Each structure stands twice: as structure tokens, then as C-alpha cells.
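Novice: Quick one: the structure is below, and I'll ask about it shortly.
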Amino acid sequence: KFFKEDEMYAYNDDYVKTKQAELIGIEGVYTNKKTLKIHGFSEITDVELNGKDLGVTDTVTFNKGLNTVRITNEACTVKRFVRVDTDKPVLNVKDKKTYKRNKVLKVKDKYSGIKEATVNGVALNKKQIKKGYKLTSIGETRIVVTDKAGNTKTVIITVK
């Protein structure tokens, strides 16, 4: 049995020399985590963030917005673009407030963009997210909006 700290011993030298380093906990370009760990099957020899050399480290703390990180290990240098978004999406309606029927719901997100939005469990399409969605159903309305970094904003309003 191998433990996490013994992980490298489970691989042969050829594998270690061809396996590039990676950022742990990120898929794609967007994240809502400001600090990420670096994982490499061979020793990390250099890390650069936004043009600044960080030396040898296993952790990177990003700025909000677009970041460029270069990670070098025995296998290669990996360059990744990472957009950090720790803010929830913004809506033009406020939780626990009442709005008139036909109010146009608008949602936006400054750093990563909107991934999905639902009104009473029904997903809005891309056009409705971009142009706005007319609230026509009277009564309690639950709106859930998630950005591409995984930040979610939920509001419950009343439409009269």
C-alpha cells in the first residue's frame, strides 16, 4: 500500500520524467480558489506567476482576474492561464423583495461569466442569460445563478 507521501515510488523513472506538473483542484481556466497546490511527479524546479519568479514552491497564490503561471519540472514547463473569481454573480433583483410582473431579470459576472441560471428550477438559455429574462409567473420565485468559477448566488423574490 502506498501513502500520499510515498506516491512517487509507485512510478518508474521514465514516467516521472514525462509527467508534467499540474495545479490541484482546477479544471479548465476558472477557479474561485485564490491559492492552489502544485503537484509534480518529479521535483518542481521553478514557478513563475504573472512574470514574477517565485522559485521552488508547491503553492501559488493568485490575484483576482487573469493570471499566467509557469511551472517547471523534469518533464517540461507548463504554462496555464487561470482566471480567479471569488465574487458571486450580480443580479438586478434583491433577495426577499417584491417586483412587478414582467420585470426583466438581468445577471452578470465580472471575472468569469455566467455558467448557468435557473428560475424556479428551469434553466435559462444563453440568449436569456445575455439579454435578460422576463419574470411572468406570479408568486414566489427562486433564482439561482452560477458563474464559470463555481460561485453561486440564490435569491427568492415575489412577483406580483
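Residues are named by chain letter and number: chains run A, B, ... in the order of the C-alpha cells, numbers start at 1 in each chain, and ligands are numbered from 1 in the order shown.
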Could you give me, as JSON lines, every stretch 70-144 of chain A residue with an atom at most 7 Å from stretch 44-63 of chain A, plus its closest atom pair and distance in Å to one decimal, counting only C-alpha atoms, rows ordered by chain then number?
Specialist:
```
{"residue": "A:Arg70", "atom": "CA", "partner": "A:Glu48", "partner_atom": "CA", "distance": 5.0}
{"residue": "A:Ile71", "atom": "CA", "partner": "A:Val47", "partner_atom": "CA", "distance": 4.7}
{"residue": "A:Thr72", "atom": "CA", "partner": "A:Asp46", "partner_atom": "CA", "distance": 5.1}
{"residue": "A:Asn73", "atom": "CA", "partner": "A:Ile44", "partner_atom": "CA", "distance": 4.5}
{"residue": "A:Val84", "atom": "CA", "partner": "A:Asn63", "partner_atom": "CA", "distance": 6.9}
```
Novice: What lies within 10 Å of A:Tyr111 using only C-alpha atoms, ignoring chain neighbours under 3 positions off, as a PDB file with N, CA and C atoms, in the first residue's frame?
Specialist:
```
ATOM      1  N   TYR A  30     -11.064  28.577 -15.056  1.00  0.00           N
ATOM      2  CA  TYR A  30     -11.657  29.361 -13.986  1.00  0.00           C
ATOM      3  C   TYR A  30     -11.577  28.652 -12.639  1.00  0.00           C
ATOM      4  N   LYS A  64      -6.859  38.288  -8.136  1.00  0.00           N
ATOM      5  CA  LYS A  64      -8.181  38.206  -8.739  1.00  0.00           C
ATOM      6  C   LYS A  64      -8.058  38.601 -10.203  1.00  0.00           C
ATOM      7  N   GLY A  65      -8.790  37.917 -11.069  1.00  0.00           N
ATOM      8  CA  GLY A  65      -8.716  38.190 -12.501  1.00  0.00           C
ATOM      9  C   GLY A  65      -7.797  37.209 -13.203  1.00  0.00           C
ATOM     10  N   LEU A  66      -7.242  37.625 -14.340  1.00  0.00           N
ATOM     11  CA  LEU A  66      -6.419  36.750 -15.171  1.00  0.00           C
ATOM     12  C   LEU A  66      -5.003  36.644 -14.628  1.00  0.00           C
ATOM     13  N   ARG A  83      -8.104  32.204 -14.399  1.00  0.00           N
ATOM     14  CA  ARG A  83      -8.934  33.351 -14.021  1.00  0.00           C
ATOM     15  C   ARG A  83      -9.522  33.078 -12.649  1.00  0.00           C
ATOM     16  N   VAL A  84      -9.148  33.914 -11.691  1.00  0.00           N
ATOM     17  CA  VAL A  84      -9.639  33.766 -10.325  1.00  0.00           C
ATOM     18  C   VAL A  84     -10.839  34.687 -10.130  1.00  0.00           C
ATOM     19  N   ASP A  85     -11.930  34.082  -9.713  1.00  0.00           N
ATOM     20  CA  ASP A  85     -13.176  34.812  -9.486  1.00  0.00           C
ATOM     21  C   ASP A  85     -13.744  34.348  -8.154  1.00  0.00           C
ATOM     22  N   THR A  86     -13.652  35.182  -7.147  1.00  0.00           N
ATOM     23  CA  THR A  86     -14.181  34.830  -5.829  1.00  0.00           C
ATOM     24  C   THR A  86     -15.502  35.541  -5.534  1.00  0.00           C
ATOM     25  N   ASP A  87     -15.965  36.337  -6.509  1.00  0.00           N
ATOM     26  CA  ASP A  87     -17.212  37.092  -6.327  1.00  0.00           C
ATOM     27  C   ASP A  87     -18.414  36.310  -6.854  1.00  0.00           C
ATOM     28  N   LYS A  88     -19.529  36.445  -6.161  1.00  0.00           N
ATOM     29  CA  LYS A  88     -20.776  35.836  -6.627  1.00  0.00           C
ATOM     30  C   LYS A  88     -21.318  36.630  -7.810  1.00  0.00           C
ATOM     31  N   PRO A  89     -22.107  35.992  -8.666  1.00  0.00           N
ATOM     32  CA  PRO A  89     -22.743  36.729  -9.762  1.00  0.00           C
ATOM     33  C   PRO A  89     -23.611  37.865  -9.229  1.00  0.00           C
ATOM     34  N   LYS A 108     -25.083  39.099 -14.340  1.00  0.00           N
ATOM     35  CA  LYS A 108     -23.756  39.291 -14.925  1.00  0.00           C
ATOM     36  C   LYS A 108     -22.691  38.832 -13.940  1.00  0.00           C
ATOM     37  N   ILE A 114     -21.208  33.992 -16.728  1.00  0.00           N
ATOM     38  CA  ILE A 114     -22.274  33.139 -16.190  1.00  0.00           C
ATOM     39  C   ILE A 114     -22.228  31.763 -16.846  1.00  0.00           C
ATOM     40  N   ASP A 147     -21.595  31.153 -11.664  1.00  0.00           N
ATOM     41  CA  ASP A 147     -20.616  31.614 -12.650  1.00  0.00           C
ATOM     42  C   ASP A 147     -19.671  30.473 -13.026  1.00  0.00           C
ATOM     43  N   LYS A 148     -18.803  30.710 -13.990  1.00  0.00           N
ATOM     44  CA  LYS A 148     -17.908  29.670 -14.502  1.00  0.00           C
ATOM     45  C   LYS A 148     -16.850  29.237 -13.498  1.00  0.00           C
ATOM     46  N   ALA A 149     -16.647  30.032 -12.447  1.00  0.00           N
ATOM     47  CA  ALA A 149     -15.692  29.668 -11.402  1.00  0.00           C
ATOM     48  C   ALA A 149     -16.342  28.862 -10.285  1.00  0.00           C
TER      49      ALA A 149
END
```
Novice: Just checking: using only C-alpha atoms, which residue out of A:Glu27, A:Glu116, A:Asp95, A:Glu74 ends up closest to A:Thr152?
Specialist: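 Using only C-alpha atoms, A:Thr152 sits closest to A:Glu116.
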Novice: Extract the full set of helix (DSSP H, G or I) residues from stretch 2-91 of chain A according to DSSP on the backbone, and format it as a ChimeraX atom specification.
Specialist: /A:4-10,13-18
Novice: Emit the selected residues as a PDB file, in the first residue's frame, including N, CA and C atoms.
Specialist:
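The result, written out as again-v3.pdb:
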```pdb
ATOM      1  N   LYS A   4       0.036   8.822   0.472  1.00  0.00           N
ATOM      2  CA  LYS A   4       0.182  10.028  -0.353  1.00  0.00           C
ATOM      3  C   LYS A   4       1.638  10.489  -0.427  1.00  0.00           C
ATOM      4  N   GLU A   5       2.340  10.513   0.699  1.00  0.00           N
ATOM      5  CA  GLU A   5       3.731  10.974   0.695  1.00  0.00           C
ATOM      6  C   GLU A   5       4.677  10.010  -0.011  1.00  0.00           C
ATOM      7  N   ASP A   6       4.236   8.765  -0.235  1.00  0.00           N
ATOM      8  CA  ASP A   6       5.058   7.772  -0.927  1.00  0.00           C
ATOM      9  C   ASP A   6       4.661   7.623  -2.385  1.00  0.00           C
ATOM     10  N   GLU A   7       3.796   8.476  -2.856  1.00  0.00           N
ATOM     11  CA  GLU A   7       3.193   8.343  -4.166  1.00  0.00           C
ATOM     12  C   GLU A   7       4.211   8.198  -5.299  1.00  0.00           C
ATOM     13  N   MET A   8       5.309   8.933  -5.257  1.00  0.00           N
ATOM     14  CA  MET A   8       6.287   8.893  -6.348  1.00  0.00           C
ATOM     15  C   MET A   8       6.915   7.510  -6.517  1.00  0.00           C
ATOM     16  N   TYR A   9       7.014   6.745  -5.463  1.00  0.00           N
ATOM     17  CA  TYR A   9       7.662   5.445  -5.544  1.00  0.00           C
ATOM     18  C   TYR A   9       6.850   4.417  -6.327  1.00  0.00           C
ATOM     19  N   ALA A  10       5.610   4.738  -6.633  1.00  0.00           N
ATOM     20  CA  ALA A  10       4.760   3.812  -7.377  1.00  0.00           C
ATOM     21  C   ALA A  10       4.978   3.923  -8.885  1.00  0.00           C
ATOM     22  N   ASP A  13      11.044   5.648 -13.417  1.00  0.00           N
ATOM     23  CA  ASP A  13      11.740   6.890 -13.762  1.00  0.00           C
ATOM     24  C   ASP A  13      11.272   7.481 -15.082  1.00  0.00           C
ATOM     25  N   ASP A  14      10.981   6.639 -16.079  1.00  0.00           N
ATOM     26  CA  ASP A  14      10.537   7.148 -17.370  1.00  0.00           C
ATOM     27  C   ASP A  14       9.215   7.907 -17.235  1.00  0.00           C
ATOM     28  N   TYR A  15       8.313   7.369 -16.430  1.00  0.00           N
ATOM     29  CA  TYR A  15       7.026   8.025 -16.218  1.00  0.00           C
ATOM     30  C   TYR A  15       7.226   9.377 -15.532  1.00  0.00           C
ATOM     31  N   VAL A  16       8.064   9.393 -14.508  1.00  0.00           N
ATOM     32  CA  VAL A  16       8.322  10.617 -13.760  1.00  0.00           C
ATOM     33  C   VAL A  16       8.907  11.691 -14.668  1.00  0.00           C
ATOM     34  N   LYS A  17       9.762  11.307 -15.610  1.00  0.00           N
ATOM     35  CA  LYS A  17      10.424  12.276 -16.483  1.00  0.00           C
ATOM     36  C   LYS A  17       9.527  12.774 -17.616  1.00  0.00           C
ATOM     37  N   THR A  18       8.362  12.172 -17.787  1.00  0.00           N
ATOM     38  CA  THR A  18       7.460  12.622 -18.848  1.00  0.00           C
ATOM     39  C   THR A  18       6.147  13.198 -18.305  1.00  0.00           C
TER      40      THR A  18
END
```
Novice: Suppose you want the space between atom CA of A:Leu124 and atom CA of A:Leu91; what is it in Å?
Specialist: 14.1 Å
Novice: Identify which of the residues A:Thr31, A:Gln128, A:Gln20, A:Thr158 lies closest to A:Glu43, counting only C-alpha atoms when measuring atom-to-atom distances.
Specialist: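 Between A:Thr31, A:Gln128, A:Gln20, A:Thr158, the residue approaching A:Glu43 most closely is A:Gln20.
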Novice: From the list A:Val69, A:Lys160, A:Gly132, A:Lys94, which residue is nearest A:Phe81 when using only C-alpha atoms?
Specialist: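 Of A:Val69, A:Lys160, A:Gly132, A:Lys94, the one nearest A:Phe81, counting only C-alpha atoms, is A:Val69.
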Novice: Find the spatial neighbours of A:Lys134, counting only C-alpha atoms, within a cut-off of 8 Å - ignore same-chain residues fewer than 4 positions away - and output them as a list in words.
Specialist: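 The filter keeps Asn102, Lys103, Val104 and Leu105 of chain A.
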Novice: Using only C-alpha atoms, find the one residue out of A:Lys131, A:Thr136, A:Asn151, A:Thr146 that sits nearest to A:Lys33.
Specialist: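 Among the listed residues, the smallest separation from A:Lys33 belongs to A:Asn151.
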